[in-house]
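Colleague: Please find target.txt (compact mmCIF, C-alpha atoms) on the next line:
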```txt
# COMPACT_ATOMS: atom_id res chain seq x y z
CA MET M 1 0.00 0.00 0.00
CA ASN M 2 1.19 3.51 -0.77
CA PRO M 3 -0.10 5.78 2.03
CA LEU M 4 0.35 8.74 -0.29
CA THR M 5 -2.22 7.78 -2.86
CA ASP M 6 -4.17 4.78 -1.55
CA LEU M 7 -6.16 6.56 1.13
CA ARG M 8 -9.36 4.58 0.84
CA THR M 9 -11.34 4.25 4.02
CA ASP M 10 -11.66 0.44 4.18
CA GLY M 11 -15.44 0.66 4.30
CA VAL M 12 -15.50 3.50 6.84
CA ASP M 13 -17.26 6.65 5.67
CA SER M 14 -14.66 9.16 6.80
CA ALA M 15 -13.49 12.06 4.70
CA VAL M 16 -12.42 15.67 4.91
CA THR M 17 -14.54 18.00 2.78
CA VAL M 18 -13.30 21.49 1.91
CA HIS M 19 -15.20 24.49 0.54
CA ASP M 20 -13.62 27.53 -1.08
CA PRO M 21 -13.78 30.30 1.56
CA ARG M 22 -14.03 32.92 -1.17
CA ASP M 23 -17.45 31.83 -2.44
CA GLY M 24 -18.44 28.65 -0.59
CA SER M 25 -18.09 26.40 -3.64
CA LEU M 26 -17.00 22.80 -3.12
CA VAL M 27 -13.29 22.15 -3.57
CA GLY M 28 -13.58 18.42 -2.92
CA SER M 29 -13.29 15.64 -0.38
CA VAL M 30 -10.22 13.67 0.64
CA PRO M 31 -10.52 10.35 2.49
CA ALA M 32 -9.10 10.27 5.98
CA ALA M 33 -6.44 7.68 6.71
CA THR M 34 -7.67 4.76 8.76
CA SER M 35 -5.93 3.37 11.83
CA GLY M 36 -4.68 0.51 9.68
CA GLN M 37 -3.19 2.87 7.13
CA VAL M 38 -1.48 4.91 9.84
CA GLY M 39 -0.03 1.72 11.28
CA GLN M 40 1.18 0.50 7.89
CA ALA M 41 2.78 3.86 7.08
CA LEU M 42 4.57 3.79 10.42
CA ALA M 43 5.81 0.24 9.79
CA ASP M 44 7.09 1.26 6.35
CA ALA M 45 8.83 4.32 7.77
CA ARG M 46 10.40 2.25 10.56
CA ALA M 47 11.68 -0.33 8.08
CA ALA M 48 13.12 2.32 5.75
CA GLN M 49 14.78 4.42 8.44
CA PRO M 50 18.03 2.45 9.01
CA GLY M 51 18.84 2.49 5.31
CA TRP M 52 18.03 6.17 5.02
CA ALA M 53 20.16 6.99 8.08
CA ALA M 54 23.05 5.01 6.56
CA THR M 55 22.79 6.95 3.30
CA ASP M 56 25.75 9.26 2.82
CA PRO M 57 24.77 12.74 4.10
CA ALA M 58 25.90 14.32 0.83
CA GLU M 59 23.55 11.98 -1.03
CA ARG M 60 20.68 12.91 1.28
CA GLY M 61 21.39 16.55 0.47
CA ARG M 62 21.44 15.79 -3.25
CA LEU M 63 18.08 14.03 -3.06
CA LEU M 64 16.59 16.90 -1.08
CA ARG M 65 17.78 19.32 -3.74
CA GLY M 66 16.05 17.12 -6.32
CA ALA M 67 12.87 17.28 -4.24
CA ALA M 68 13.07 21.08 -4.34
CA ALA M 69 13.27 20.93 -8.14
CA ARG M 70 10.21 18.68 -8.27
CA LEU M 71 8.37 21.10 -6.00
CA ALA M 72 9.22 23.97 -8.35
CA ARG M 73 7.54 22.12 -11.21
CA SER M 74 4.30 21.90 -9.19
CA ALA M 75 4.46 25.46 -7.84
CA ARG M 76 1.59 27.01 -9.76
CA GLU M 77 -0.73 24.07 -9.23
CA LEU M 78 0.01 24.09 -5.50
CA ALA M 79 -0.57 27.84 -5.27
CA ALA M 80 -3.90 27.53 -7.08
CA LEU M 81 -5.01 24.77 -4.73
CA ASN M 82 -3.89 26.81 -1.74
CA SER M 83 -6.02 29.72 -2.91
CA ARG M 84 -9.03 27.47 -3.36
CA GLU M 85 -8.70 25.69 -0.01
CA THR M 86 -7.62 28.54 2.29
CA GLY M 87 -8.53 31.68 0.35
CA ARG M 88 -4.99 33.01 0.31
CA PRO M 89 -4.46 35.38 -2.63
CA GLN M 90 -2.75 33.70 -5.57
CA ALA M 91 0.38 35.86 -5.50
CA GLU M 92 0.88 35.26 -1.77
CA ALA M 93 0.24 31.54 -2.17
CA LEU M 94 2.82 31.34 -4.95
CA ALA M 95 5.32 33.24 -2.79
CA GLY M 96 4.72 30.68 -0.05
CA VAL M 97 5.57 27.84 -2.41
CA GLY M 98 8.68 29.73 -3.46
CA ALA M 99 9.70 30.03 0.18
CA GLY M 100 9.24 26.27 0.56
CA ILE M 101 11.46 25.59 -2.43
CA ALA M 102 14.16 27.89 -1.04
CA THR M 103 13.90 26.21 2.35
CA LEU M 104 14.47 22.74 0.91
CA GLU M 105 17.45 24.04 -1.06
CA GLN M 106 18.81 25.64 2.09
CA TYR M 107 18.51 22.43 4.11
CA ALA M 108 20.16 20.48 1.31
CA GLU M 109 23.35 22.49 1.81
CA PRO M 110 24.14 21.27 5.37
CA GLY M 111 23.55 17.64 4.37
CA PRO M 112 27.25 16.83 3.90
CA LEU M 113 28.07 18.57 7.19
CA HIS M 114 26.04 16.23 9.38
CA ARG M 115 28.94 14.03 10.39
CA GLY M 116 30.62 14.79 13.69
CA VAL M 117 32.49 17.27 15.83
CA SER M 118 35.75 16.70 17.71
CA LEU M 119 37.41 18.96 20.26
CA ARG M 120 41.12 19.48 20.60
CA GLY M 121 42.72 18.30 23.83
CA ALA M 122 45.78 16.69 25.37
CA ALA M 123 47.46 13.72 23.68
CA LEU M 124 45.44 11.19 25.67
CA ALA M 125 42.16 13.13 25.57
CA SER M 126 39.35 12.33 23.17
CA ASP M 127 36.09 14.22 22.81
CA TYR M 128 33.95 13.40 19.78
CA THR M 129 30.26 14.00 19.08
CA LEU M 130 28.48 12.07 16.33
CA ARG M 131 25.14 13.46 15.23
CA GLN M 132 22.53 10.80 14.54
CA PRO M 133 18.88 10.93 13.43
CA ARG M 134 16.23 10.22 16.02
CA GLY M 135 14.28 7.78 13.83
CA VAL M 136 10.70 8.24 12.59
CA ALA M 137 9.29 11.78 12.70
CA ALA M 138 5.58 12.62 12.67
CA LEU M 139 5.11 16.13 11.30
CA LEU M 140 1.79 17.92 11.82
CA THR M 141 1.67 21.11 9.76
CA PRO M 142 -0.78 24.05 9.51
CA TRP M 143 -2.94 25.54 6.78
CA ASN M 144 -1.99 29.22 6.91
CA ASP M 145 1.25 28.76 4.91
CA PRO M 146 1.05 25.05 4.19
CA VAL M 147 3.95 24.57 1.76
CA ALA M 148 6.54 26.86 3.34
CA VAL M 149 6.02 25.59 6.90
CA ALA M 150 5.89 21.95 5.85
CA ALA M 151 9.07 22.34 3.80
CA GLY M 152 10.92 23.61 6.85
CA LEU M 153 10.03 20.59 8.98
CA LEU M 154 10.35 18.08 6.15
CA GLY M 155 13.72 19.40 5.02
CA ALA M 156 15.23 19.38 8.49
CA ALA M 157 13.96 15.89 9.32
CA LEU M 158 14.91 14.27 6.03
CA VAL M 159 18.39 15.71 5.56
CA THR M 160 19.40 14.50 9.03
CA GLY M 161 18.36 10.91 8.28
CA ASN M 162 14.87 10.65 9.77
CA THR M 163 11.97 9.11 7.90
CA VAL M 164 8.78 11.16 7.89
CA LEU M 165 5.05 10.73 8.30
CA HIS M 166 3.50 14.04 7.27
CA LYS M 167 -0.03 15.00 8.22
CA PRO M 168 -1.11 18.27 6.57
CA SER M 169 -3.95 20.29 8.05
CA GLY M 170 -7.45 19.03 7.43
CA ARG M 171 -8.26 22.51 6.13
CA CYS M 172 -5.97 22.04 3.10
CA PRO M 173 -5.76 18.29 2.44
CA HIS M 174 -5.54 18.65 -1.34
CA VAL M 175 -2.48 20.88 -0.97
CA GLY M 176 -0.95 18.34 1.41
CA LEU M 177 -1.51 15.45 -0.95
CA LEU M 178 -0.12 17.28 -3.94
CA LEU M 179 2.91 18.34 -1.90
CA GLY M 180 3.53 14.72 -0.97
CA GLU M 181 3.07 13.55 -4.53
CA ALA M 182 5.66 16.10 -5.65
CA LEU M 183 8.25 15.25 -2.99
CA ALA M 184 7.96 11.55 -2.12
CA PRO M 185 9.28 10.14 -5.44
CA ALA M 186 12.55 12.01 -4.84
CA PHE M 187 13.37 9.62 -1.96
CA PRO M 188 13.57 5.86 -1.45
CA PRO M 189 10.29 4.03 -0.65
CA GLY M 190 9.08 4.51 2.91
CA VAL M 191 11.14 7.63 3.58
CA LEU M 192 8.23 10.10 3.18
CA ALA M 193 4.51 9.39 3.44
CA THR M 194 1.54 11.74 3.60
CA LEU M 195 -1.52 10.91 5.70
CA THR M 196 -4.61 13.09 5.33
CA GLY M 197 -7.48 13.49 7.72
CA GLY M 198 -8.86 15.57 10.52
CA PRO M 199 -7.83 15.84 14.17
CA GLU M 200 -8.37 12.14 14.79
CA VAL M 201 -5.50 11.23 12.43
CA GLY M 202 -3.29 13.77 14.14
CA ARG M 203 -4.12 12.24 17.52
CA GLN M 204 -3.21 8.78 16.23
CA LEU M 205 0.18 10.01 15.02
CA ALA M 206 0.89 11.91 18.23
CA ALA M 207 0.21 8.77 20.26
CA ALA M 208 2.02 6.38 17.90
CA ALA M 209 5.41 4.80 18.52
CA VAL M 210 7.34 7.53 16.69
CA ASP M 211 10.59 9.13 17.82
CA VAL M 212 9.76 12.79 17.06
CA VAL M 213 6.50 14.71 16.91
CA ALA M 214 6.75 18.20 15.42
CA HIS M 215 3.68 20.43 15.44
CA VAL M 216 2.91 23.92 14.17
CA GLY M 217 -0.53 25.08 15.20
CA SER M 218 -2.70 26.00 18.14
CA SER M 219 -1.47 25.93 21.72
CA ALA M 220 -4.33 23.66 22.80
CA THR M 221 -3.38 21.02 20.22
CA GLY M 222 0.29 21.41 21.05
CA SER M 223 -0.44 20.79 24.71
CA SER M 224 -2.34 17.59 23.86
CA ILE M 225 0.59 16.39 21.76
CA ALA M 226 3.03 17.04 24.60
CA GLN M 227 0.80 15.06 26.95
CA ALA M 228 0.67 12.13 24.52
CA ALA M 229 4.45 12.16 24.19
CA LEU M 230 4.81 11.60 27.93
CA SER M 231 3.59 8.04 27.30
CA THR M 232 5.61 7.33 24.16
CA GLY M 233 8.85 9.16 25.00
CA ALA M 234 8.86 10.94 21.66
CA HIS M 235 10.86 14.15 21.34
CA VAL M 236 8.41 17.04 20.87
CA ILE M 237 9.02 20.16 18.77
CA ARG M 238 6.26 22.78 19.05
CA GLU M 239 5.68 26.14 17.37
CA ASN M 240 2.34 27.10 18.81
CA GLY M 241 0.09 30.12 18.95
CA GLY M 242 0.78 33.31 20.83
CA ASN M 243 -0.52 36.84 21.13
CA ASP M 244 2.38 39.10 20.18
CA PRO M 245 2.25 42.72 21.39
CA LEU M 246 3.30 45.82 19.47
CA LEU M 247 4.55 48.71 21.60
CA ALA M 248 4.47 52.29 20.25
CA ASP M 249 6.55 54.43 22.56
CA GLU M 250 6.56 58.18 23.05
CA GLY M 251 8.20 60.05 20.21
CA VAL M 252 7.52 57.44 17.52
CA ASP M 253 5.90 58.80 14.35
CA PRO M 254 2.26 57.69 14.88
CA ALA M 255 1.45 57.43 11.17
CA TRP M 256 4.49 55.26 10.50
CA ALA M 257 3.79 53.08 13.55
CA ALA M 258 0.16 52.65 12.50
CA GLY M 259 1.29 51.44 9.07
CA GLN M 260 3.56 48.87 10.70
CA ALA M 261 0.76 47.76 13.00
CA ALA M 262 -1.66 47.38 10.08
CA THR M 263 0.80 45.22 8.15
CA GLY M 264 1.34 43.01 11.18
CA ALA M 265 -2.33 42.71 12.09
CA PHE M 266 -3.98 42.43 8.67
CA SER M 267 -1.51 40.53 6.44
CA ASN M 268 -2.96 37.20 5.27
CA SER M 269 -6.14 38.36 7.03
CA GLY M 270 -4.31 38.10 10.35
CA GLN M 271 -3.71 34.39 9.84
CA ILE M 272 0.04 34.33 10.42
CA CYS M 273 2.15 32.82 13.19
CA THR M 274 3.67 36.13 14.32
CA PRO M 275 0.93 38.73 13.92
CA VAL M 276 0.43 41.96 15.78
CA GLY M 277 -2.07 40.47 18.21
CA ARG M 278 -2.44 43.41 20.64
CA ILE M 279 -1.20 46.99 20.73
CA TYR M 280 -0.01 49.26 23.53
CA VAL M 281 0.52 52.95 22.74
CA HIS M 282 2.09 55.66 24.90
CA GLN M 283 -0.66 58.05 25.93
CA ALA M 284 1.21 61.04 24.46
CA GLY M 285 0.68 59.74 20.93
CA ALA M 286 -2.33 57.50 21.40
CA GLY M 287 -4.91 59.74 19.75
CA ALA M 288 -2.93 60.27 16.54
CA PHE M 289 -1.92 56.62 16.40
CA CYS M 290 -5.48 55.35 16.79
CA ASP M 291 -6.79 57.73 14.14
CA ALA M 292 -4.05 56.64 11.74
CA LEU M 293 -4.63 52.92 12.42
CA ALA M 294 -8.36 53.25 11.84
CA GLU M 295 -7.63 54.99 8.53
CA GLN M 296 -5.22 52.18 7.61
CA ALA M 297 -7.97 49.61 8.29
CA ARG M 298 -10.47 51.59 6.21
CA ARG M 299 -7.96 51.65 3.35
CA TRP M 300 -7.39 47.89 3.54
CA ASN M 301 -11.16 47.33 3.48
CA ARG M 302 -11.83 49.89 0.75
CA GLU M 303 -9.11 48.52 -1.53
CA GLY M 304 -10.16 44.88 -1.03
CA ARG M 305 -6.70 43.88 0.21
CA LEU M 306 -7.99 41.16 2.53
CA GLY M 307 -8.72 37.63 1.45
CA PRO M 308 -11.26 35.58 3.39
CA LEU M 309 -10.60 33.72 6.60
CA VAL M 310 -9.93 30.04 6.05
CA ASP M 311 -13.57 29.06 6.69
CA ARG M 312 -16.72 30.24 8.39
CA ARG M 313 -15.86 28.34 11.56
CA MET M 314 -12.79 30.55 11.92
CA ARG M 315 -14.88 33.64 11.20
CA VAL M 316 -17.27 32.71 14.00
CA ALA M 317 -14.34 32.36 16.41
CA VAL M 318 -12.86 35.73 15.42
CA HIS M 319 -16.17 37.58 15.55
CA THR M 320 -17.01 36.01 18.92
CA GLN M 321 -13.83 37.50 20.39
CA VAL M 322 -14.60 40.89 18.88
CA SER M 323 -18.20 40.82 20.15
CA ARG M 324 -17.17 39.86 23.67
CA ALA M 325 -14.66 42.71 23.74
CA ARG M 326 -17.31 45.18 22.62
CA ASP M 327 -19.70 43.86 25.29
CA LEU M 328 -16.99 44.73 27.84
CA GLY M 329 -16.55 48.27 26.53
CA ALA M 330 -14.24 48.10 23.52
CA VAL M 331 -15.08 50.50 20.70
CA ALA M 332 -14.82 49.50 17.03
CA ALA M 333 -13.15 52.38 15.19
CA GLU M 334 -13.39 50.33 12.00
CA GLY M 335 -14.83 46.94 11.08
CA GLY M 336 -16.15 44.51 13.66
CA THR M 337 -19.18 43.32 11.65
CA VAL M 338 -19.78 40.18 9.62
CA PRO M 339 -20.30 41.16 5.97
CA ASP M 340 -23.15 39.92 3.82
CA GLY M 341 -22.49 37.60 0.91
CA PRO M 342 -20.83 34.25 0.30
CA GLY M 343 -17.52 33.05 1.66
CA ALA M 344 -15.78 33.69 4.97
CA TYR M 345 -14.69 37.32 4.69
CA TYR M 346 -14.10 39.51 7.73
CA PRO M 347 -13.08 43.17 7.61
CA ALA M 348 -9.91 44.73 8.96
CA THR M 349 -10.98 45.73 12.45
CA VAL M 350 -9.58 48.23 14.97
CA LEU M 351 -10.79 48.01 18.58
CA LEU M 352 -10.06 50.87 20.98
CA ASP M 353 -10.30 51.05 24.78
CA CYS M 354 -9.39 47.39 25.22
CA THR M 355 -8.46 46.09 28.67
CA GLU M 356 -6.62 43.09 30.06
CA GLN M 357 -9.96 41.59 31.12
CA MET M 358 -10.87 41.03 27.47
CA GLU M 359 -10.14 37.71 25.82
CA ILE M 360 -8.99 39.51 22.68
CA MET M 361 -6.04 40.92 24.65
CA THR M 362 -5.07 37.62 26.30
CA GLU M 363 -5.77 34.96 23.65
CA GLU M 364 -4.69 34.51 20.04
CA THR M 365 -7.32 35.78 17.59
CA PHE M 366 -5.99 34.64 14.18
CA GLY M 367 -8.00 37.18 12.26
CA PRO M 368 -7.59 40.75 10.93
CA VAL M 369 -8.15 42.46 14.28
CA ALA M 370 -5.97 45.14 15.90
CA PRO M 371 -7.01 45.60 19.55
```
Could you render the structure from this file as structure tokens?
Modeller:
Amino acid sequence: MNPLTDLRTDGVDSAVTVHDPRDGSLVGSVPAATSGQVGQALADARAAQPGWAATDPAERGRLLRGAAARLARSARELAALNSRETGRPQAEALAGVGAGIATLEQYAEPGPLHRGVSLRGAALASDYTLRQPRGVAALLTPWNDPVAVAAGLLGAALVTGNTVLHKPSGRCPHVGLLLGEALAPAFPPGVLATLTGGPEVGRQLAAAAVDVVAHVGSSATGSSIAQAALSTGAHVIRENGGNDPLLADEGVDPAWAAGQAATGAFSNSGQICTPVGRIYVHQAGAGAFCDALAEQARRWNREGRLGPLVDRRMRVAVHTQVSRARDLGAVAAEGGTVPDGPGAYYPATVLLDCTEQMEIMTEETFGPVAP
């Protein structure tokens, strides 16, 4: 069985269905991997790992460079699928694929260097470190920049001699499958497999007998993965959500600072890993800054610079945070309402008079909101 392409459900009606967040049209359905398929993929990866680890590091680097070339040939198709599944504008989606290609090429360069390190000492002293792969890596990657982020984890794991089970987000399964189809043939059988599905497949991988679990996504999911790893002993790598503050101090040009804040809060409709999640402004310049930021948001909305949120479920979560803040006294200087029409659009929103008692100031929002 090839876990990459043979993802039938063995009689179980289980699939991930995706709609285009721009207009609600059906993108398609992808079967979710069954427990048996997850187990078989893990067995294949475990069997292939010793041979892959024994492969000369320079050869691993060469194969990774070949994978980058294969990815380049699928760039436009991947970007188009990304736009359809997540709503990301085509140019930004294509730039994300380009970043993934560059990342794989970058990781290919250190391949020959993964040998060992020795320290100089006295004639009878010996101090030598040999770097070795951990084994089988389960990589759980997000939807907001699905190719670039996946390439970073895949490249690092593969070039150091680990075999990989990759589970892309259930919000962009078609992108994940196409990415796997582009990359897997560059490596020996069993070295890279893609397993699609929703959270249940991710939970199976996190609890499986793997050696590494790497996750980019929400803090709640990351915490669950860390708990599961306590039982398996897997090494955990997490890049989870946060709520980054922007500070505008006294004497800073308020118009310039507002432009920086708008870029950080509204880019990719706020769906980035390091957004401007909350803003603190020195009282001396607060009035001018807030006026300028509201004007920035109006410009983003007027010029149609925002794509949709990834789906309506995300829009509900974002608008719920905004509504709760307003119930507690926050004032919407711009945006803050759900627009009419199809898709999952949400306007660039500026909330003033926010306090630390508001969820929007303490929790990640992942939408185009500047509180």
Colleague: Could you pull out every residue with an atom within 10 Å of (2.7, 17.3, 19.4), file coordinates, counting only C-alpha atoms, and send them as a PDB file with C-alpha atoms, in the coordinates of the input?
Modeller:
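Output file selection_17.pdb follows:
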```pdb
ATOM      1  CA  ALA M 138       5.580  12.620  12.670  1.00  0.00           C
ATOM      2  CA  LEU M 139       5.110  16.130  11.300  1.00  0.00           C
ATOM      3  CA  LEU M 140       1.790  17.920  11.820  1.00  0.00           C
ATOM      4  CA  GLY M 202      -3.290  13.770  14.140  1.00  0.00           C
ATOM      5  CA  ARG M 203      -4.120  12.240  17.520  1.00  0.00           C
ATOM      6  CA  LEU M 205       0.180  10.010  15.020  1.00  0.00           C
ATOM      7  CA  ALA M 206       0.890  11.910  18.230  1.00  0.00           C
ATOM      8  CA  ALA M 207       0.210   8.770  20.260  1.00  0.00           C
ATOM      9  CA  VAL M 212       9.760  12.790  17.060  1.00  0.00           C
ATOM     10  CA  VAL M 213       6.500  14.710  16.910  1.00  0.00           C
ATOM     11  CA  ALA M 214       6.750  18.200  15.420  1.00  0.00           C
ATOM     12  CA  HIS M 215       3.680  20.430  15.440  1.00  0.00           C
ATOM     13  CA  VAL M 216       2.910  23.920  14.170  1.00  0.00           C
ATOM     14  CA  GLY M 217      -0.530  25.080  15.200  1.00  0.00           C
ATOM     15  CA  SER M 219      -1.470  25.930  21.720  1.00  0.00           C
ATOM     16  CA  THR M 221      -3.380  21.020  20.220  1.00  0.00           C
ATOM     17  CA  GLY M 222       0.290  21.410  21.050  1.00  0.00           C
ATOM     18  CA  SER M 223      -0.440  20.790  24.710  1.00  0.00           C
ATOM     19  CA  SER M 224      -2.340  17.590  23.860  1.00  0.00           C
ATOM     20  CA  ILE M 225       0.590  16.390  21.760  1.00  0.00           C
ATOM     21  CA  ALA M 226       3.030  17.040  24.600  1.00  0.00           C
ATOM     22  CA  GLN M 227       0.800  15.060  26.950  1.00  0.00           C
ATOM     23  CA  ALA M 228       0.670  12.130  24.520  1.00  0.00           C
ATOM     24  CA  ALA M 229       4.450  12.160  24.190  1.00  0.00           C
ATOM     25  CA  ALA M 234       8.860  10.940  21.660  1.00  0.00           C
ATOM     26  CA  HIS M 235      10.860  14.150  21.340  1.00  0.00           C
ATOM     27  CA  VAL M 236       8.410  17.040  20.870  1.00  0.00           C
ATOM     28  CA  ILE M 237       9.020  20.160  18.770  1.00  0.00           C
ATOM     29  CA  ARG M 238       6.260  22.780  19.050  1.00  0.00           C
ATOM     30  CA  GLU M 239       5.680  26.140  17.370  1.00  0.00           C
ATOM     31  CA  ASN M 240       2.340  27.100  18.810  1.00  0.00           C
TER      32      ASN M 240
END
```
Colleague: Find the residue from M:Leu246, M:Trp52, M:Leu306, M:Val136 that sits nearest to Ala208 (chain M); use all atoms listed in the file when measuring.
Modeller: M:Val136
Colleague: How many Å separate CA of Pro146 (chain M) from CA of Leu78 (chain M)?
Modeller: 9.8 Å
Colleague: Applying 12 Å and all atoms listed in the file, which residues near Ala193 (chain M) remain after dropping the ones on its own chain fewer than 3 positions away? List them as a PyMOL selection string.
Modeller: chain M and resi 1-7+33+37-46+48+136-139+154+158+163-168+176-190+196
Colleague: Mind dumping the selected residues with C-alpha atoms as a compact mmCIF listing (two decimals), in the frame of the given file?
Modeller:
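Listing of out_18.txt after writing:
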```
# COMPACT_ATOMS: atom_id res chain seq x y z
CA MET M 1 0.00 0.00 0.00
CA ASN M 2 1.19 3.51 -0.77
CA PRO M 3 -0.10 5.78 2.03
CA LEU M 4 0.35 8.74 -0.29
CA THR M 5 -2.22 7.78 -2.86
CA ASP M 6 -4.17 4.78 -1.55
CA LEU M 7 -6.16 6.56 1.13
CA ALA M 33 -6.44 7.68 6.71
CA GLN M 37 -3.19 2.87 7.13
CA VAL M 38 -1.48 4.91 9.84
CA GLY M 39 -0.03 1.72 11.28
CA GLN M 40 1.18 0.50 7.89
CA ALA M 41 2.78 3.86 7.08
CA LEU M 42 4.57 3.79 10.42
CA ALA M 43 5.81 0.24 9.79
CA ASP M 44 7.09 1.26 6.35
CA ALA M 45 8.83 4.32 7.77
CA ARG M 46 10.40 2.25 10.56
CA ALA M 48 13.12 2.32 5.75
CA VAL M 136 10.70 8.24 12.59
CA ALA M 137 9.29 11.78 12.70
CA ALA M 138 5.58 12.62 12.67
CA LEU M 139 5.11 16.13 11.30
CA LEU M 154 10.35 18.08 6.15
CA LEU M 158 14.91 14.27 6.03
CA THR M 163 11.97 9.11 7.90
CA VAL M 164 8.78 11.16 7.89
CA LEU M 165 5.05 10.73 8.30
CA HIS M 166 3.50 14.04 7.27
CA LYS M 167 -0.03 15.00 8.22
CA PRO M 168 -1.11 18.27 6.57
CA GLY M 176 -0.95 18.34 1.41
CA LEU M 177 -1.51 15.45 -0.95
CA LEU M 178 -0.12 17.28 -3.94
CA LEU M 179 2.91 18.34 -1.90
CA GLY M 180 3.53 14.72 -0.97
CA GLU M 181 3.07 13.55 -4.53
CA ALA M 182 5.66 16.10 -5.65
CA LEU M 183 8.25 15.25 -2.99
CA ALA M 184 7.96 11.55 -2.12
CA PRO M 185 9.28 10.14 -5.44
CA ALA M 186 12.55 12.01 -4.84
CA PHE M 187 13.37 9.62 -1.96
CA PRO M 188 13.57 5.86 -1.45
CA PRO M 189 10.29 4.03 -0.65
CA GLY M 190 9.08 4.51 2.91
CA THR M 196 -4.61 13.09 5.33
```
Colleague: What does the distance between CA of Ala54 (chain M) and CA of Ala209 (chain M) come to in Å, to one decimal place?
Modeller: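 A separation of 21.3 Å between them.
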Colleague: Would you please work out which residue, of M:Cys290, M:Glu359, M:Gly155, M:Ala150, is nearest to Tyr107 (chain M) when using all atoms listed in the file?
Modeller: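 Going through M:Cys290, M:Glu359, M:Gly155, M:Ala150 one by one, the smallest distance to Tyr107 (chain M) is for M:Gly155.
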Colleague: Closest to Ala151 (chain M) among M:Leu71, M:Val210, M:Ala330, M:Met314, using all atoms listed in the file?
Modeller: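 Smallest separation from Ala151 (chain M) among the options: M:Leu71.
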Colleague: So how far away is CA of Ala95 (chain M) from CA of Ala258 (chain M), in Å?
Modeller: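 CA of Ala95 (chain M) lies at a distance of 25.2 Å from CA of Ala258 (chain M).
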